[in-house]
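Student: I'm passing along work-v7.pdb; it holds PDB, C-alpha atoms.
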ATOM      1  CA  PRO A   1       9.103  55.870  23.965  1.00  0.00           C
ATOM      2  CA  LYS A   2      10.278  52.331  23.440  1.00  0.00           C
ATOM      3  CA  ILE A   3       8.710  50.474  20.528  1.00  0.00           C
ATOM      4  CA  ARG A   4       6.806  47.467  21.799  1.00  0.00           C
ATOM      5  CA  PRO A   5       7.232  44.174  19.945  1.00  0.00           C
ATOM      6  CA  PRO A   6       4.342  43.437  17.572  1.00  0.00           C
ATOM      7  CA  PHE A   7       1.930  40.607  18.379  1.00  0.00           C
ATOM      8  CA  ALA A   8       0.839  38.001  15.875  1.00  0.00           C
ATOM      9  CA  VAL A   9      -2.671  38.204  14.485  1.00  0.00           C
ATOM     10  CA  PRO A  10      -4.346  34.927  15.586  1.00  0.00           C
ATOM     11  CA  ALA A  11      -4.415  32.292  12.887  1.00  0.00           C
ATOM     12  CA  ASP A  12      -8.144  31.617  13.282  1.00  0.00           C
ATOM     13  CA  GLN A  13      -8.933  35.317  12.883  1.00  0.00           C
ATOM     14  CA  ALA A  14      -6.787  35.557   9.761  1.00  0.00           C
ATOM     15  CA  GLU A  15      -8.436  32.434   8.329  1.00  0.00           C
ATOM     16  CA  TRP A  16     -11.920  33.824   8.996  1.00  0.00           C
ATOM     17  CA  ILE A  17     -10.999  37.035   7.175  1.00  0.00           C
ATOM     18  CA  ARG A  18      -9.413  35.107   4.322  1.00  0.00           C
ATOM     19  CA  THR A  19     -12.416  32.859   3.711  1.00  0.00           C
ATOM     20  CA  ALA A  20     -15.417  34.975   4.732  1.00  0.00           C
ATOM     21  CA  PHE A  21     -14.445  38.577   4.039  1.00  0.00           C
ATOM     22  CA  VAL A  22     -17.193  40.787   2.622  1.00  0.00           C
ATOM     23  CA  ASP A  23     -15.989  43.639   0.435  1.00  0.00           C
ATOM     24  CA  PRO A  24     -16.617  47.108   1.860  1.00  0.00           C
ATOM     25  CA  GLN A  25     -17.532  49.976  -0.444  1.00  0.00           C
ATOM     26  CA  GLY A  26     -14.515  51.222  -2.380  1.00  0.00           C
ATOM     27  CA  TRP A  27     -12.695  47.896  -2.009  1.00  0.00           C
ATOM     28  CA  ALA A  28     -11.725  47.464  -5.670  1.00  0.00           C
ATOM     29  CA  ASP A  29      -9.892  50.809  -5.753  1.00  0.00           C
ATOM     30  CA  VAL A  30      -8.188  50.101  -2.424  1.00  0.00           C
ATOM     31  CA  ARG A  31      -6.893  46.739  -3.662  1.00  0.00           C
ATOM     32  CA  THR A  32      -5.601  48.318  -6.865  1.00  0.00           C
ATOM     33  CA  GLY A  33      -3.869  51.085  -4.949  1.00  0.00           C
ATOM     34  CA  PHE A  34      -2.292  48.697  -2.468  1.00  0.00           C
ATOM     35  CA  ALA A  35      -0.852  46.522  -5.235  1.00  0.00           C
ATOM     36  CA  ALA A  36       1.519  49.371  -6.104  1.00  0.00           C
ATOM     37  CA  ARG A  37       2.695  50.046  -2.533  1.00  0.00           C
ATOM     38  CA  ARG A  38       4.712  48.472   0.263  1.00  0.00           C
ATOM     39  CA  VAL A  39       3.120  50.850   2.782  1.00  0.00           C
ATOM     40  CA  ALA A  40      -0.424  52.215   2.647  1.00  0.00           C
ATOM     41  CA  ILE A  41      -2.920  54.148   4.771  1.00  0.00           C
ATOM     42  CA  VAL A  42      -6.455  52.737   4.698  1.00  0.00           C
ATOM     43  CA  ARG A  43      -8.988  55.369   5.769  1.00  0.00           C
ATOM     44  CA  GLY A  44     -12.708  55.193   6.311  1.00  0.00           C
ATOM     45  CA  PRO A  45     -15.621  55.958   8.639  1.00  0.00           C
ATOM     46  CA  ALA A  46     -15.844  54.320  12.061  1.00  0.00           C
ATOM     47  CA  GLY A  47     -17.239  50.807  12.191  1.00  0.00           C
ATOM     48  CA  ILE A  48     -16.750  49.746   8.570  1.00  0.00           C
ATOM     49  CA  GLY A  49     -14.121  47.091   9.323  1.00  0.00           C
ATOM     50  CA  LYS A  50     -10.850  48.841   8.487  1.00  0.00           C
ATOM     51  CA  ARG A  51      -8.747  46.440  10.561  1.00  0.00           C
ATOM     52  CA  GLY A  52     -10.270  43.438   8.808  1.00  0.00           C
ATOM     53  CA  ALA A  53      -9.730  45.123   5.456  1.00  0.00           C
ATOM     54  CA  ALA A  54      -6.079  45.738   6.336  1.00  0.00           C
ATOM     55  CA  ILE A  55      -5.565  42.096   7.234  1.00  0.00           C
ATOM     56  CA  ARG A  56      -7.307  41.015   4.019  1.00  0.00           C
ATOM     57  CA  LEU A  57      -4.953  43.205   2.010  1.00  0.00           C
ATOM     58  CA  LEU A  58      -1.915  41.709   3.724  1.00  0.00           C
ATOM     59  CA  LEU A  59      -2.970  38.057   3.465  1.00  0.00           C
ATOM     60  CA  PRO A  60      -2.203  37.518  -0.236  1.00  0.00           C
ATOM     61  CA  ALA A  61       0.594  40.090  -0.290  1.00  0.00           C
ATOM     62  CA  HIS A  62       3.163  38.244   1.816  1.00  0.00           C
ATOM     63  CA  ARG A  63       4.300  34.741   2.737  1.00  0.00           C
ATOM     64  CA  GLY A  64       4.858  35.188   6.464  1.00  0.00           C
ATOM     65  CA  GLN A  65       2.910  35.943   9.619  1.00  0.00           C
ATOM     66  CA  ILE A  66       0.821  39.103  10.024  1.00  0.00           C
ATOM     67  CA  TYR A  67       1.707  41.194  13.070  1.00  0.00           C
ATOM     68  CA  GLN A  68      -0.048  44.130  14.709  1.00  0.00           C
ATOM     69  CA  LEU A  69       1.940  46.952  16.270  1.00  0.00           C
ATOM     70  CA  ASP A  70       0.758  48.934  19.271  1.00  0.00           C
ATOM     71  CA  SER A  71      -1.206  52.094  18.453  1.00  0.00           C
ATOM     72  CA  ALA A  72       1.285  54.056  20.571  1.00  0.00           C
ATOM     73  CA  THR A  73       4.143  53.090  18.255  1.00  0.00           C
ATOM     74  CA  PRO A  74       6.026  56.282  17.279  1.00  0.00           C
ATOM     75  CA  LEU A  75       5.600  56.410  13.519  1.00  0.00           C
ATOM     76  CA  GLY A  76       8.547  58.728  13.034  1.00  0.00           C
ATOM     77  CA  ARG A  77      10.933  56.040  14.315  1.00  0.00           C
ATOM     78  CA  LEU A  78       9.590  53.056  12.435  1.00  0.00           C
ATOM     79  CA  ALA A  79      11.985  53.214   9.522  1.00  0.00           C
ATOM     80  CA  ASP A  80      14.918  53.105  11.948  1.00  0.00           C
ATOM     81  CA  ALA A  81      13.536  50.692  14.573  1.00  0.00           C
ATOM     82  CA  ILE A  82      11.557  48.271  12.401  1.00  0.00           C
ATOM     83  CA  GLY A  83      13.691  46.846   9.668  1.00  0.00           C
ATOM     84  CA  PRO A  84      16.146  44.117   8.741  1.00  0.00           C
ATOM     85  CA  GLY A  85      18.963  43.703  11.240  1.00  0.00           C
ATOM     86  CA  HIS A  86      17.070  45.065  14.257  1.00  0.00           C
ATOM     87  CA  ASP A  87      16.073  42.977  17.274  1.00  0.00           C
ATOM     88  CA  ILE A  88      12.321  43.408  16.810  1.00  0.00           C
ATOM     89  CA  TRP A  89      12.465  42.662  13.117  1.00  0.00           C
ATOM     90  CA  ASP A  90      14.614  39.561  13.507  1.00  0.00           C
ATOM     91  CA  ALA A  91      11.922  37.979  15.684  1.00  0.00           C
ATOM     92  CA  LEU A  92       9.219  38.350  13.015  1.00  0.00           C
ATOM     93  CA  GLY A  93      10.455  35.773  10.541  1.00  0.00           C
ATOM     94  CA  ALA A  94      10.563  36.051   6.772  1.00  0.00           C
ATOM     95  CA  SER A  95       8.235  38.255   4.720  1.00  0.00           C
ATOM     96  CA  PRO A  96       5.909  39.507   7.478  1.00  0.00           C
ATOM     97  CA  GLY A  97       2.856  41.686   7.091  1.00  0.00           C
ATOM     98  CA  LEU A  98       2.514  44.598   9.535  1.00  0.00           C
ATOM     99  CA  LEU A  99      -0.588  46.417  10.744  1.00  0.00           C
ATOM    100  CA  ILE A 100      -0.944  49.592  12.825  1.00  0.00           C
ATOM    101  CA  ASP A 101      -4.571  50.213  13.746  1.00  0.00           C
ATOM    102  CA  HIS A 102      -5.444  53.861  14.480  1.00  0.00           C
ATOM    103  CA  PRO A 103      -1.981  55.084  15.543  1.00  0.00           C
ATOM    104  CA  ARG A 104      -2.039  57.813  18.171  1.00  0.00           C
ATOM    105  CA  ASP A 105       0.379  60.116  16.385  1.00  0.00           C
ATOM    106  CA  ALA A 106      -1.278  59.842  12.964  1.00  0.00           C
ATOM    107  CA  GLY A 107      -1.208  63.605  12.626  1.00  0.00           C
ATOM    108  CA  HIS A 108       2.571  63.409  12.214  1.00  0.00           C
ATOM    109  CA  LEU A 109       2.419  61.156   9.165  1.00  0.00           C
ATOM    110  CA  ARG A 110       4.373  62.505   6.202  1.00  0.00           C
ATOM    111  CA  ALA A 111       5.144  61.201   2.753  1.00  0.00           C
ATOM    112  CA  ASP A 112       8.898  61.155   3.399  1.00  0.00           C
ATOM    113  CA  LEU A 113       8.379  58.911   6.463  1.00  0.00           C
ATOM    114  CA  LEU A 114       6.411  56.385   4.429  1.00  0.00           C
ATOM    115  CA  GLN A 115       8.962  56.550   1.621  1.00  0.00           C
ATOM    116  CA  ALA A 116      11.664  55.589   4.134  1.00  0.00           C
ATOM    117  CA  LEU A 117       9.441  52.808   5.461  1.00  0.00           C
ATOM    118  CA  GLU A 118       8.947  51.481   1.951  1.00  0.00           C
ATOM    119  CA  VAL A 119      12.696  51.103   1.585  1.00  0.00           C
ATOM    120  CA  SER A 120      12.787  48.950   4.733  1.00  0.00           C
ATOM    121  CA  MET A 121       9.744  46.955   3.623  1.00  0.00           C
ATOM    122  CA  GLU A 122      11.257  46.341   0.196  1.00  0.00           C
ATOM    123  CA  LYS A 123      14.489  44.993   1.693  1.00  0.00           C
ATOM    124  CA  ALA A 124      12.553  42.622   3.946  1.00  0.00           C
ATOM    125  CA  ASP A 125       9.929  41.576   1.387  1.00  0.00           C
ATOM    126  CA  ALA A 126       7.267  42.921   3.762  1.00  0.00           C
ATOM    127  CA  ARG A 127       4.256  45.213   3.640  1.00  0.00           C
ATOM    128  CA  MET A 128       2.515  47.494   6.101  1.00  0.00           C
ATOM    129  CA  VAL A 129      -1.010  48.898   6.416  1.00  0.00           C
ATOM    130  CA  ILE A 130      -1.921  51.801   8.684  1.00  0.00           C
ATOM    131  CA  THR A 131      -5.629  52.302   9.396  1.00  0.00           C
ATOM    132  CA  LEU A 132      -7.148  55.704  10.138  1.00  0.00           C
ATOM    133  CA  GLY A 133     -10.598  57.144  10.637  1.00  0.00           C
ATOM    134  CA  SER A 134     -11.892  59.424   7.925  1.00  0.00           C
ATOM    135  CA  ASP A 135     -11.987  62.226  10.478  1.00  0.00           C
ATOM    136  CA  VAL A 136      -8.191  62.212  10.910  1.00  0.00           C
ATOM    137  CA  ILE A 137      -6.621  65.237   9.233  1.00  0.00           C
ATOM    138  CA  LEU A 138      -3.448  64.491   7.284  1.00  0.00           C
ATOM    139  CA  SER A 139      -1.533  67.731   6.899  1.00  0.00           C
ATOM    140  CA  ASP A 140       0.924  66.463   4.286  1.00  0.00           C
ATOM    141  CA  GLN A 141      -0.746  66.575   0.868  1.00  0.00           C
ATOM    142  CA  GLY A 142       2.132  64.468  -0.434  1.00  0.00           C
ATOM    143  CA  LEU A 143       0.595  61.409   1.248  1.00  0.00           C
ATOM    144  CA  ARG A 144      -2.340  61.576  -1.124  1.00  0.00           C
ATOM    145  CA  ASP A 145      -0.352  62.811  -4.120  1.00  0.00           C
ATOM    146  CA  ASP A 146       1.995  59.829  -3.810  1.00  0.00           C
ATOM    147  CA  GLY A 147      -0.872  57.335  -3.548  1.00  0.00           C
ATOM    148  CA  TYR A 148      -0.397  56.331   0.084  1.00  0.00           C
ATOM    149  CA  VAL A 149      -3.979  57.165   1.143  1.00  0.00           C
ATOM    150  CA  LEU A 150      -6.589  54.568   0.170  1.00  0.00           C
ATOM    151  CA  ASP A 151     -10.196  55.407   1.054  1.00  0.00           C
ATOM    152  CA  LEU A 152     -12.986  52.994   1.918  1.00  0.00           C
ATOM    153  CA  SER A 153     -16.266  54.802   1.432  1.00  0.00           C
ATOM    154  CA  GLY A 154     -18.655  52.534   3.321  1.00  0.00           C
ATOM    155  CA  ALA A 155     -19.271  49.314   5.206  1.00  0.00           C
ATOM    156  CA  PRO A 156     -19.897  45.899   3.665  1.00  0.00           C
ATOM    157  CA  ASP A 157     -23.413  44.510   3.408  1.00  0.00           C
ATOM    158  CA  ARG A 158     -24.310  43.684   7.034  1.00  0.00           C
ATOM    159  CA  GLU A 159     -26.734  40.893   6.167  1.00  0.00           C
ATOM    160  CA  LEU A 160     -24.127  39.160   4.019  1.00  0.00           C
ATOM    161  CA  LEU A 161     -21.539  39.652   6.770  1.00  0.00           C
ATOM    162  CA  ILE A 162     -23.847  37.990   9.303  1.00  0.00           C
ATOM    163  CA  THR A 163     -24.590  35.157   6.876  1.00  0.00           C
ATOM    164  CA  ARG A 164     -20.898  34.486   6.282  1.00  0.00           C
ATOM    165  CA  ARG A 165     -20.263  34.442  10.017  1.00  0.00           C
ATOM    166  CA  LEU A 166     -23.135  32.022  10.604  1.00  0.00           C
ATOM    167  CA  GLU A 167     -21.752  29.742   7.907  1.00  0.00           C
ATOM    168  CA  ARG A 168     -18.470  29.545   9.817  1.00  0.00           C
ATOM    169  CA  LEU A 169     -20.115  29.122  13.238  1.00  0.00           C
ATOM    170  CA  LEU A 170     -22.704  26.573  12.103  1.00  0.00           C
ATOM    171  CA  ASP A 171     -22.689  25.393   8.495  1.00  0.00           C
ATOM    172  CA  GLU A 172     -23.848  26.798   5.173  1.00  0.00           C
ATOM    173  CA  PRO A 173     -27.246  25.035   4.920  1.00  0.00           C
ATOM    174  CA  ARG A 174     -28.125  25.888   8.510  1.00  0.00           C
ATOM    175  CA  ALA A 175     -27.073  29.513   8.055  1.00  0.00           C
ATOM    176  CA  GLU A 176     -29.186  29.851   4.909  1.00  0.00           C
ATOM    177  CA  GLN A 177     -32.144  28.248   6.673  1.00  0.00           C
ATOM    178  CA  ILE A 178     -31.937  30.663   9.597  1.00  0.00           C
ATOM    179  CA  MET A 179     -31.359  33.760   7.464  1.00  0.00           C
ATOM    180  CA  ALA A 180     -34.351  32.884   5.273  1.00  0.00           C
ATOM    181  CA  LEU A 181     -36.725  33.297   8.212  1.00  0.00           C
ATOM    182  CA  PRO A 182     -38.684  36.565   7.820  1.00  0.00           C
ATOM    183  CA  ALA A 183     -38.527  37.185  11.562  1.00  0.00           C
ATOM    184  CA  ILE A 184     -34.735  36.725  11.616  1.00  0.00           C
ATOM    185  CA  ARG A 185     -34.369  39.060   8.638  1.00  0.00           C
ATOM    186  CA  HIS A 186     -36.481  41.615  10.477  1.00  0.00           C
ATOM    187  CA  ILE A 187     -34.297  41.300  13.591  1.00  0.00           C
ATOM    188  CA  VAL A 188     -31.134  41.697  11.533  1.00  0.00           C
ATOM    189  CA  ALA A 189     -32.469  44.713   9.640  1.00  0.00           C
ATOM    190  CA  ASP A 190     -33.776  46.346  12.804  1.00  0.00           C
ATOM    191  CA  HIS A 191     -30.614  45.901  14.849  1.00  0.00           C
ATOM    192  CA  THR A 192     -28.107  46.773  12.139  1.00  0.00           C
ATOM    193  CA  ALA A 193     -30.053  49.927  11.261  1.00  0.00           C
ATOM    194  CA  ALA A 194     -29.575  51.160  14.813  1.00  0.00           C
ATOM    195  CA  GLU A 195     -25.960  49.989  15.132  1.00  0.00           C
ATOM    196  CA  ALA A 196     -24.004  50.032  11.883  1.00  0.00           C
ATOM    197  CA  SER A 197     -20.579  48.720  12.934  1.00  0.00           C
ATOM    198  CA  CYS A 198     -19.173  45.504  11.509  1.00  0.00           C
ATOM    199  CA  SER A 199     -18.160  44.357  14.989  1.00  0.00           C
ATOM    200  CA  PHE A 200     -21.784  44.595  16.110  1.00  0.00           C
ATOM    201  CA  ALA A 201     -22.947  42.616  13.071  1.00  0.00           C
ATOM    202  CA  LEU A 202     -20.459  39.855  13.903  1.00  0.00           C
ATOM    203  CA  SER A 203     -21.564  39.852  17.544  1.00  0.00           C
ATOM    204  CA  LEU A 204     -25.184  39.591  16.437  1.00  0.00           C
ATOM    205  CA  ALA A 205     -24.264  36.623  14.241  1.00  0.00           C
ATOM    206  CA  GLY A 206     -22.654  34.948  17.234  1.00  0.00           C
ATOM    207  CA  PHE A 207     -25.743  35.606  19.316  1.00  0.00           C
ATOM    208  CA  ILE A 208     -28.031  34.139  16.632  1.00  0.00           C
ATOM    209  CA  ALA A 209     -25.799  31.087  16.241  1.00  0.00           C
ATOM    210  CA  ASP A 210     -25.720  30.515  19.992  1.00  0.00           C
ATOM    211  CA  ARG A 211     -29.511  30.703  20.302  1.00  0.00           C
ATOM    212  CA  CYS A 212     -30.381  28.797  17.136  1.00  0.00           C
ATOM    213  CA  ALA A 213     -27.722  26.114  16.794  1.00  0.00           C
ATOM    214  CA  ASP A 214     -29.681  23.510  18.760  1.00  0.00           C
ATOM    215  CA  ALA A 215     -33.211  24.629  17.943  1.00  0.00           C
ATOM    216  CA  ASP A 216     -35.410  21.819  16.629  1.00  0.00           C
ATOM    217  CA  GLU A 217     -38.074  24.122  15.260  1.00  0.00           C
ATOM    218  CA  ILE A 218     -37.441  26.654  12.555  1.00  0.00           C
ATOM    219  CA  GLY A 219     -39.938  29.422  13.030  1.00  0.00           C
ATOM    220  CA  LYS A 220     -41.487  31.035  16.052  1.00  0.00           C
ATOM    221  CA  ALA A 221     -39.603  28.980  18.604  1.00  0.00           C
ATOM    222  CA  VAL A 222     -36.255  30.027  17.119  1.00  0.00           C
ATOM    223  CA  VAL A 223     -37.208  33.681  17.122  1.00  0.00           C
ATOM    224  CA  GLU A 224     -38.362  33.443  20.720  1.00  0.00           C
ATOM    225  CA  LYS A 225     -34.936  32.141  21.692  1.00  0.00           C
ATOM    226  CA  ILE A 226     -33.355  35.289  20.268  1.00  0.00           C
ATOM    227  CA  LEU A 227     -35.898  37.697  21.718  1.00  0.00           C
TER
END
Could you show the structure in this file as structure tokens?
Tutor:
Amino acid sequence: PKIRPPFAVPADQAEWIRTAFVDPQGWADVRTGFAARRVAIVRGPAGIGKRGAAIRLLLPAHRGQIYQLDSATPLGRLADAIGPGHDIWDALGASPGLLIDHPRDAGHLRADLLQALEVSMEKADARMVITLGSDVILSDQGLRDDGYVLDLSGAPDRELLITRRLERLLDEPRAEQIMALPAIRHIVADHTAAEASCSFALSLAGFIADRCADADEIGKAVVEKIL
């Protein structure tokens, strides 16, 4: 199949991740491992924010735009089709960061493929992150032996994630004021216990911000707006 051109990660999304990222569990080891690689696989359970973690890794590691490739991109052809001198690559600009989120043919990943990709990334002063669920079986032990597999063990603190999002949507004092309400804390704890994904936590923050941004009363009236 033809490789589709990557699309640029929106600037506002990248800026949100740069300024308000909350470290997931295992983040320190992942950052250390990525520092030694041009290509890496970030693995972890569903819902812990692997895509955001991948973008956060790429942000300080390059000087150009971050691009996301389609999940249907054939990984076995990347070293040949994505690299300096090719049409797709020439449109990306200097020193890009590349992301492939949950590729469909992840089971075909091999250490020699990523080694070839690293050669292309080195020539172009670029880096790539591939995200995978922890349930994906990687048959080539060389991927782990060579340090390509970086594991996130758990999600970031949901309450802190919601607070950071509220700070961006409203402002820091207002976010702290809302999050200090016992009833709001109860709502956050109750909803995030039932639904653990980072995307849900961010959606809940947006919902709280939408209902509370113009509230004159802090207390029961604010909670009633959410309920």
Student: Decode the PyMOL selection byres ((chain A and resi 16) around 10) for the given file into explicit residues and return them as a list in words.
Tutor: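 Applying the expression gives Ala11, Asp12, Gln13, Ala14, Glu15, Ile17, Arg18, Thr19, Ala20, Phe21, Gly52, Arg56, Arg164, Arg165 and Arg168 of chain A.
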Student: Got a sec: who's within 12 Å of Leu160 (chain A), counting only C-alpha atoms, leaving out chain neighbours fewer than 5 positions off, as a CSV table (one decimal) with C-alpha atoms, in the coordinates of the input?
Tutor:
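Final file, out.csv:
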chain,number,residue,atom,x,y,z
A,20,ALA,CA,-15.4,35.0,4.7
A,21,PHE,CA,-14.4,38.6,4.0
A,22,VAL,CA,-17.2,40.8,2.6
A,23,ASP,CA,-16.0,43.6,0.4
A,24,PRO,CA,-16.6,47.1,1.9
A,155,ALA,CA,-19.3,49.3,5.2
A,165,ARG,CA,-20.3,34.4,10.0
A,166,LEU,CA,-23.1,32.0,10.6
A,167,GLU,CA,-21.8,29.7,7.9
A,175,ALA,CA,-27.1,29.5,8.1
A,176,GLU,CA,-29.2,29.9,4.9
A,179,MET,CA,-31.4,33.8,7.5
A,185,ARG,CA,-34.4,39.1,8.6
A,188,VAL,CA,-31.1,41.7,11.5
A,189,ALA,CA,-32.5,44.7,9.6
A,192,THR,CA,-28.1,46.8,12.1
A,198,CYS,CA,-19.2,45.5,11.5
A,201,ALA,CA,-22.9,42.6,13.1
A,202,LEU,CA,-20.5,39.9,13.9
A,205,ALA,CA,-24.3,36.6,14.2
Student: For region 135-141 of chain A, please output as a PyMOL selection string all residues within 8 Å (counting all atoms listed in the file; exclusion window: fewer than 2 positions along the same chain).
Tutor: chain A and resi 45+106-111+132-133+143-145
Student: CA of Ala124 (chain A) and CA of Pro60 (chain A), how far apart in Å?
Tutor: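 Calculated distance between CA of Pro60 (chain A) and CA of Ala124 (chain A) is 16.2 Å.
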Student: For Leu75 (chain A), work out the shell of residues within 9 Å, counting only C-alpha atoms and skipping chain neighbours fewer than 2 positions away, then give it as an NGL selection string.
Tutor: :A and (72-73 or 77-79 or 103 or 105-106 or 108-109 or 113)
Student: Nearest to Gln177 (chain A): which of A:Ala35, A:Ala54, A:Ala209, A:Leu152 is it, counting all atoms listed in the file?
Tutor: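 Counting all atoms listed in the file, the residue closest to Gln177 (chain A) is A:Ala209.
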Student: CA of Leu161 (chain A) to CA of Phe200 (chain A): how many Å, to one decimal?
Tutor: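 The value is 10.6 Å.
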Student: Work out how far CA of Glu118 (chain A) is from CA of Ala46 (chain A), in Å to one decimal.
Tutor: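 So the two atoms, CA of Ala46 (chain A) and CA of Glu118 (chain A), lie 26.9 Å apart.
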Student: Just want the 7 Å neighbourhood of Gly26 (chain A), counted on all atoms listed in the file, with same-chain residues fewer than 3 positions away dropped. Output as a compact mmCIF listing (two decimals) with C-alpha atoms, in the frame of the given file.
Tutor:
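The file below, result-v2.txt, is the result:
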# COMPACT_ATOMS: atom_id res chain seq x y z
CA ASP A 29 -9.89 50.81 -5.75
CA VAL A 30 -8.19 50.10 -2.42
CA ASP A 151 -10.20 55.41 1.05
CA LEU A 152 -12.99 52.99 1.92
CA SER A 153 -16.27 54.80 1.43
Student: Pick from A:Ala91, A:Ile208, A:Met121, A:Val149: nearest to Phe34 (chain A), with all atoms listed in the file counted?
Tutor: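 Residue with the minimum atom-to-atom distance to Phe34 (chain A): A:Val149.
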Student: Go through A:Leu59, A:Ser71, A:Ala40, A:Arg51 one by one, measure the shortest atom-to-atom distance of each to Ile3 (chain A) using all atoms listed in the file, and give the residue with the smallest value.
Tutor: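 Comparing A:Leu59, A:Ser71, A:Ala40, A:Arg51 against Ile3 (chain A), the winner is A:Ser71.
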Student: Which residue is closest to Ala126 (chain A)? Choose from A:Asp190, A:Gln68, A:Leu181, A:Arg38 and count only C-alpha atoms.
Tutor: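 Of A:Asp190, A:Gln68, A:Leu181, A:Arg38, the one nearest Ala126 (chain A) is A:Arg38, counting only C-alpha atoms.
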Student: A:Leu150, A:Leu114, A:Ile130, A:Leu204: which is nearest Thr163 (chain A), counting only C-alpha atoms?
Tutor: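 Smallest separation from Thr163 (chain A) among the options: A:Leu204.
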Student: I need the residue nearest Ile100 (chain A) from this list: A:Pro6, A:Arg211, A:Trp27, A:Glu172. Use only C-alpha atoms for the distance.
Tutor: A:Pro6
Student: Missing atoms in region 147-152 of chain A need filling: write out all heavy atoms for it as a PDB file, in the coordinates of the input.
Tutor:
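Generated file (result-v5.pdb):
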ATOM      1  N   GLY A 147      -0.060  58.549  -3.514  1.00  0.00           N
ATOM      2  CA  GLY A 147      -0.872  57.335  -3.548  1.00  0.00           C
ATOM      3  C   GLY A 147      -0.864  56.508  -2.283  1.00  0.00           C
ATOM      4  O   GLY A 147      -1.271  55.336  -2.306  1.00  0.00           O
ATOM      5  N   TYR A 148      -0.432  57.096  -1.159  1.00  0.00           N
ATOM      6  CA  TYR A 148      -0.397  56.331   0.084  1.00  0.00           C
ATOM      7  C   TYR A 148      -1.774  56.207   0.745  1.00  0.00           C
ATOM      8  O   TYR A 148      -2.003  55.284   1.514  1.00  0.00           O
ATOM      9  CB  TYR A 148       0.564  56.979   1.084  1.00  0.00           C
ATOM     10  CG  TYR A 148       2.017  56.800   0.731  1.00  0.00           C
ATOM     11  CD1 TYR A 148       2.803  57.879   0.346  1.00  0.00           C
ATOM     12  CD2 TYR A 148       2.620  55.544   0.792  1.00  0.00           C
ATOM     13  CE1 TYR A 148       4.141  57.728   0.028  1.00  0.00           C
ATOM     14  CE2 TYR A 148       3.954  55.372   0.463  1.00  0.00           C
ATOM     15  CZ  TYR A 148       4.709  56.472   0.088  1.00  0.00           C
ATOM     16  OH  TYR A 148       6.039  56.311  -0.240  1.00  0.00           O
ATOM     17  N   VAL A 149      -2.674  57.144   0.484  1.00  0.00           N
ATOM     18  CA  VAL A 149      -3.979  57.165   1.143  1.00  0.00           C
ATOM     19  C   VAL A 149      -5.008  56.427   0.286  1.00  0.00           C
ATOM     20  O   VAL A 149      -5.262  56.802  -0.859  1.00  0.00           O
ATOM     21  CB  VAL A 149      -4.444  58.604   1.412  1.00  0.00           C
ATOM     22  CG1 VAL A 149      -5.802  58.592   2.122  1.00  0.00           C
ATOM     23  CG2 VAL A 149      -3.415  59.363   2.241  1.00  0.00           C
ATOM     24  N   LEU A 150      -5.591  55.377   0.858  1.00  0.00           N
ATOM     25  CA  LEU A 150      -6.589  54.568   0.170  1.00  0.00           C
ATOM     26  C   LEU A 150      -7.887  54.647   0.968  1.00  0.00           C
ATOM     27  O   LEU A 150      -7.930  54.273   2.142  1.00  0.00           O
ATOM     28  CB  LEU A 150      -6.123  53.115   0.066  1.00  0.00           C
ATOM     29  CG  LEU A 150      -4.727  52.893  -0.538  1.00  0.00           C
ATOM     30  CD1 LEU A 150      -4.352  51.421  -0.482  1.00  0.00           C
ATOM     31  CD2 LEU A 150      -4.665  53.416  -1.966  1.00  0.00           C
ATOM     32  N   ASP A 151      -8.953  55.130   0.349  1.00  0.00           N
ATOM     33  CA  ASP A 151     -10.196  55.407   1.054  1.00  0.00           C
ATOM     34  C   ASP A 151     -11.252  54.327   0.832  1.00  0.00           C
ATOM     35  O   ASP A 151     -11.564  53.979  -0.312  1.00  0.00           O
ATOM     36  CB  ASP A 151     -10.769  56.751   0.604  1.00  0.00           C
ATOM     37  CG  ASP A 151      -9.952  57.927   1.108  1.00  0.00           C
ATOM     38  OD1 ASP A 151      -9.696  57.971   2.324  1.00  0.00           O
ATOM     39  OD2 ASP A 151      -9.563  58.781   0.287  1.00  0.00           O
ATOM     40  N   LEU A 152     -11.793  53.833   1.946  1.00  0.00           N
ATOM     41  CA  LEU A 152     -12.986  52.994   1.918  1.00  0.00           C
ATOM     42  C   LEU A 152     -14.176  53.905   2.181  1.00  0.00           C
ATOM     43  O   LEU A 152     -14.186  54.641   3.168  1.00  0.00           O
ATOM     44  CB  LEU A 152     -12.911  51.910   2.993  1.00  0.00           C
ATOM     45  CG  LEU A 152     -11.859  50.821   2.779  1.00  0.00           C
ATOM     46  CD1 LEU A 152     -11.765  49.928   4.002  1.00  0.00           C
ATOM     47  CD2 LEU A 152     -12.192  49.985   1.539  1.00  0.00           C
TER      48      LEU A 152
END
